[in-house]
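What's in run.cif: mmCIF, C-alpha atoms
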data_model
loop_
_atom_site.label_atom_id
_atom_site.label_comp_id
_atom_site.auth_asym_id
_atom_site.auth_seq_id
_atom_site.Cartn_x
_atom_site.Cartn_y
_atom_site.Cartn_z
CA MET A 1 -7.01 -21.20 1.42
CA ILE A 2 -6.39 -18.46 3.99
CA ALA A 3 -5.45 -15.03 2.63
CA ALA A 4 -1.90 -13.87 3.32
CA ASP A 5 -1.54 -11.08 5.88
CA VAL A 6 0.01 -8.10 4.09
CA THR A 7 0.56 -4.46 4.96
CA LEU A 8 1.13 -1.30 2.92
CA CYS A 9 2.29 2.16 3.92
CA PHE A 10 1.87 5.23 1.78
CA LEU A 11 4.46 7.83 2.76
CA LEU A 12 3.23 11.34 2.03
CA ARG A 13 5.10 14.62 1.81
CA ASP A 14 3.97 18.20 1.28
CA THR A 15 5.77 19.70 -1.72
CA SER A 16 4.33 23.22 -1.45
CA GLY A 17 7.02 25.71 -2.37
CA ILE A 18 9.61 23.08 -3.42
CA ASP A 19 10.92 23.77 -6.93
CA GLY A 20 7.69 25.52 -7.88
CA ARG A 21 5.60 22.43 -7.04
CA ALA A 22 2.44 22.50 -4.99
CA GLY A 23 0.53 19.83 -3.18
CA GLU A 24 1.22 16.44 -1.76
CA GLU A 25 3.26 13.53 -3.10
CA VAL A 26 3.10 9.82 -2.30
CA LEU A 27 5.99 7.37 -2.39
CA LEU A 28 5.32 4.37 -4.64
CA GLY A 29 7.78 1.94 -6.15
CA LEU A 30 8.43 0.01 -9.33
CA LYS A 31 8.36 -3.64 -8.25
CA LYS A 32 11.41 -5.46 -9.52
CA THR A 33 10.74 -9.05 -8.36
CA GLY A 34 7.93 -11.51 -7.59
CA VAL A 35 4.20 -11.09 -8.09
CA GLY A 36 3.57 -7.72 -9.72
CA ALA A 37 7.09 -7.25 -11.10
CA GLY A 38 7.05 -4.33 -13.53
CA LYS A 39 4.11 -2.62 -11.82
CA VAL A 40 4.15 0.51 -9.68
CA VAL A 41 3.02 -0.54 -6.20
CA GLY A 42 2.75 0.65 -2.63
CA ILE A 43 5.57 0.06 -0.16
CA GLY A 44 5.03 -2.97 2.06
CA GLY A 45 4.77 -6.71 2.12
CA HIS A 46 3.96 -9.86 4.05
CA VAL A 47 3.64 -10.06 7.82
CA GLU A 48 6.08 -12.68 9.12
CA PRO A 49 4.88 -15.36 11.59
CA GLY A 50 4.80 -13.91 15.11
CA GLU A 51 5.27 -10.36 13.82
CA SER A 52 2.71 -7.61 14.44
CA ILE A 53 1.31 -5.66 11.50
CA VAL A 54 2.90 -2.49 12.85
CA ALA A 55 6.33 -4.12 13.21
CA ALA A 56 5.96 -5.61 9.72
CA ILE A 57 5.28 -2.29 8.01
CA CYS A 58 8.14 -0.54 9.80
CA ARG A 59 10.46 -3.38 8.70
CA GLU A 60 9.15 -3.48 5.11
CA VAL A 61 9.49 0.28 4.58
CA ALA A 62 13.10 0.16 5.82
CA GLU A 63 13.96 -2.92 3.71
CA GLU A 64 12.39 -1.60 0.52
CA THR A 65 13.30 2.10 0.70
CA SER A 66 15.91 2.65 3.49
CA ILE A 67 13.43 5.04 5.12
CA THR A 68 12.77 4.74 8.86
CA ILE A 69 9.24 5.12 10.19
CA GLN A 70 8.01 4.92 13.77
CA ALA A 71 4.91 3.06 14.91
CA LEU A 72 3.50 6.19 16.57
CA ASP A 73 3.61 8.07 13.25
CA LEU A 74 1.44 5.53 11.39
CA VAL A 75 -2.10 6.58 10.52
CA PRO A 76 -4.35 3.52 10.09
CA ALA A 77 -6.37 4.02 6.90
CA GLY A 78 -8.24 0.72 6.54
CA THR A 79 -7.99 -2.62 4.83
CA VAL A 80 -8.22 -4.14 1.37
CA GLU A 81 -9.06 -7.79 0.83
CA PHE A 82 -7.84 -9.04 -2.54
CA VAL A 83 -9.44 -12.21 -3.91
CA PHE A 84 -7.94 -14.01 -6.92
CA PRO A 85 -10.45 -16.78 -7.79
CA ALA A 86 -8.16 -18.16 -10.53
CA LYS A 87 -5.10 -18.09 -8.25
CA PRO A 88 -6.17 -18.38 -4.58
CA ALA A 89 -2.52 -18.54 -3.44
CA TRP A 90 -2.38 -14.81 -4.28
CA ASP A 91 -5.30 -13.87 -1.97
CA MET A 92 -4.28 -11.13 0.47
CA PHE A 93 -5.75 -9.30 3.44
CA THR A 94 -3.96 -5.96 3.48
CA THR A 95 -3.81 -3.41 6.29
CA VAL A 96 -3.11 0.07 4.93
CA PHE A 97 -1.33 2.92 6.70
CA LEU A 98 -0.42 6.48 5.82
CA CYS A 99 2.67 8.17 7.25
CA ARG A 100 3.78 11.80 6.99
CA THR A 101 6.72 11.66 9.42
CA PHE A 102 9.78 9.63 8.48
CA ASP A 103 13.57 9.76 8.37
CA GLY A 104 15.77 9.27 5.35
CA VAL A 105 15.71 9.57 1.60
CA PRO A 106 14.24 6.76 -0.53
CA GLN A 107 16.89 4.43 -1.90
CA GLU A 108 16.41 1.69 -4.48
CA SER A 109 16.50 -1.85 -3.09
CA SER A 110 16.66 -5.25 -4.75
CA GLU A 111 12.85 -5.33 -4.64
CA ILE A 112 11.65 -1.76 -5.26
CA ALA A 113 12.72 1.36 -7.18
CA PRO A 114 10.93 4.10 -5.17
CA GLN A 115 9.64 7.32 -6.73
CA TRP A 116 7.50 10.23 -5.53
CA TYR A 117 4.25 10.91 -7.43
CA PRO A 118 1.78 13.79 -7.06
CA VAL A 119 -1.28 12.45 -5.20
CA GLY A 120 -3.53 13.79 -7.97
CA GLU A 121 -1.45 12.21 -10.76
CA LEU A 122 -1.02 8.57 -9.82
CA PRO A 123 0.46 6.32 -12.55
CA HIS A 124 -2.69 4.17 -12.81
CA ALA A 125 -1.71 2.69 -16.20
CA GLN A 126 1.41 1.19 -14.56
CA MET A 127 -0.37 -0.05 -11.42
CA TRP A 128 -2.59 -3.02 -10.63
CA ALA A 129 -6.06 -2.29 -12.07
CA ASP A 130 -7.60 -2.45 -8.58
CA ALA A 131 -5.61 0.52 -7.24
CA ILE A 132 -7.93 3.08 -8.81
CA HIS A 133 -10.78 1.66 -6.69
CA TRP A 134 -9.21 2.27 -3.26
CA LEU A 135 -5.88 4.15 -3.35
CA PRO A 136 -7.17 7.66 -4.23
CA ALA A 137 -9.77 7.35 -1.46
CA PHE A 138 -7.19 6.43 1.18
CA LEU A 139 -4.85 9.22 0.04
CA THR A 140 -7.59 11.84 0.32
CA GLY A 141 -8.86 10.83 3.76
CA GLY A 142 -11.29 8.01 2.97
CA ARG A 143 -11.37 5.15 5.45
CA GLY A 144 -12.86 1.69 5.48
CA HIS A 145 -12.59 -1.77 4.01
CA TRP A 146 -12.47 -2.70 0.33
CA HIS A 147 -13.26 -6.20 -0.91
CA VAL A 148 -11.74 -6.53 -4.39
CA VAL A 149 -12.32 -9.60 -6.55
CA LEU A 150 -10.13 -10.00 -9.63
CA ASN A 151 -11.20 -11.64 -12.88
CA ASP A 152 -9.71 -14.92 -14.08
CA ASP A 153 -6.94 -12.99 -15.86
CA ASN A 154 -5.64 -12.02 -12.37
CA GLU A 155 -5.36 -8.43 -13.64
CA THR A 156 -8.74 -6.78 -14.16
CA VAL A 157 -11.33 -6.16 -11.47
CA ALA A 158 -14.53 -8.22 -11.36
CA SER A 159 -15.95 -6.34 -8.38
CA SER A 160 -14.97 -3.80 -5.75
CA VAL A 161 -17.10 -3.19 -2.66
CA HIS A 162 -16.30 -0.44 -0.14
CA THR A 163 -17.58 -0.50 3.42
CA PRO A 164 -16.86 2.93 4.91
CA SER A 165 -15.51 3.28 8.41
CA SER A 166 -14.78 6.33 10.50
CA GLY A 167 -13.25 4.36 13.35
CA PRO A 168 -9.76 3.00 13.76
CA ILE A 169 -8.55 -0.43 12.73
CA PRO A 170 -9.32 -2.79 15.65
CA GLU A 171 -6.39 -3.19 18.06
CA ASP A 172 -6.47 -6.99 17.75
CA ARG A 173 -5.79 -6.50 14.02
CA LEU A 174 -2.78 -4.23 14.62
CA GLY A 175 -1.08 -6.23 17.35
CA SER A 176 1.39 -3.46 18.18
#

Can I see the file as structure tokens?
Amino acid sequence: MIAADVTLCFLLRDTSGIDGRAGEEVLLGLKKTGVGAGKVVGIGGHVEPGESIVAAICREVAEETSITIQALDLVPAGTVEFVFPAKPAWDMFTTVFLCRTFDGVPQESSEIAPQWYPVGELPHAQMWADAIHWLPAFLTGGRGHWHVVLNDDNETVASSVHTPSSGPIPEDRLGS
């Protein structure tokens, strides 16, 4: 089975001086449908046939949150390969972006209920168990590739291997 091509974008905003808050927040969403329903997840989804990864993430962010992002504002962070030995149809190869420039205010969609979270206070108990392995690193400037294998319960992590990278995601992978 070939892993599905997926993309995620973590929108970030600086909250310094807003209502007494300080620091940076990330937009996540409560998934309302499909695999992972009931979990807090990143914004994104599957790459459609013939669609570039960049076009896919711009489309997914708009569909799920009503926020508009531009390809030039995306910061490639790396990739995460998810392997579900007990459910290979769920295997995913995910390209991850960060974005600090965007237009609009997050709106709930049929798929996602978006919410801002402080970067240092992610709702790990409500997220997939693998997120603690790679998401904080991406949000704080870490780059590279994670290979995450889930246990047979399709929830807990059997292994997580990080291969650091300081370079960009290869152009052939982005297909702008």

Hits of the PyMOL selection byres ((chain A and resi 126-129) around 6) in this structure, as a PDB file with C-alpha atoms, keeping the file's coordinate frame:
ATOM      1  CA  LYS A  39       4.110  -2.620 -11.820  1.00  0.00           C
ATOM      2  CA  VAL A  40       4.150   0.510  -9.680  1.00  0.00           C
ATOM      3  CA  PRO A 123       0.460   6.320 -12.550  1.00  0.00           C
ATOM      4  CA  HIS A 124      -2.690   4.170 -12.810  1.00  0.00           C
ATOM      5  CA  ALA A 125      -1.710   2.690 -16.200  1.00  0.00           C
ATOM      6  CA  ASP A 130      -7.600  -2.450  -8.580  1.00  0.00           C
ATOM      7  CA  ALA A 131      -5.610   0.520  -7.240  1.00  0.00           C
ATOM      8  CA  THR A 156      -8.740  -6.780 -14.160  1.00  0.00           C
TER       9      THR A 156
END

Using all atoms listed in the file, which residues sit within 10 Å of Val26 of chain A once same-chain residues fewer than 3 positions away are excluded, as number ranges by chain?
A: 9-14, 29, 42, 98-100, 115-122, 139

Any chance you could resolve the PyMOL selection byres ((chain A and resi 53-62) around 7) against this file and give the residues as a ChimeraX atom specification?
/A:7-9,43-45,47,51-52,63-71,174-176

Which of A:Phe84, A:Phe97, A:Trp134, A:Phe102 sits closest to Asp152 of chain A [using all atoms listed in the file]:
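The answer is A:Phe84, which sits nearest to Asp152 of chain A.
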
Neighbours of Pro164 of chain A within 8 Å (all atoms listed in the file; same-chain residues fewer than 5 positions away dropped), as a list in words?
Gly142, Arg143, Gly144 and His145 of chain A

Enter the distance from atom CA of Leu28 of chain A to atom CA of Pro106 of chain A, in Å, rounded to one decimal.
10.1 Å

Return the single residue from A:His46, A:Glu108, A:Trp90, A:Gly78 that is closest to Leu30 of chain A, with distances computed using all atoms listed in the file.
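Nearest candidate to Leu30 of chain A out of A:His46, A:Glu108, A:Trp90, A:Gly78: A:Glu108.
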
Looking at all atoms listed in the file, which of A:Ser165, A:Ser16, A:Ser109, A:Asn151 is the one that sits closest to Lys87 of chain A?
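The closest residue to Lys87 of chain A is A:Asn151.
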
With distances taken over all atoms listed in the file, the candidate from A:Phe93, A:Thr140, A:Ile112, A:Phe82 nearest Ser160 of chain A is A:Phe82

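Our summary of the geometry notes that atom CA of His133 of chain A is positioned 13.4 Å from atom CA of Glu155 of chain A.
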
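Note that the spacing between atom CA of Glu81 of chain A and atom CA of Gly36 of chain A amounts to 16.5 Å.
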
Between A:Glu24, A:Ala77, A:Thr33, A:Leu72, which is the closest to Gly141 of chain A once you count all atoms listed in the file?
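Using all atoms listed in the file, the shortest distance to Gly141 of chain A belongs to A:Ala77.
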
Among listed residues A:Thr95, A:Thr101, A:Ile132, A:Val149, nearest Asp73 of chain A (using all atoms listed in the file):
A:Thr101

Report as a list in words all protein, DNA and RNA residues lying within 6 Å of Val80 of chain A, evaluated on only C-alpha atoms, omitting residues in the same chain fewer than 5 positions from it.
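The residues satisfying every condition are Thr94, His145, Trp146 and His147 of chain A.
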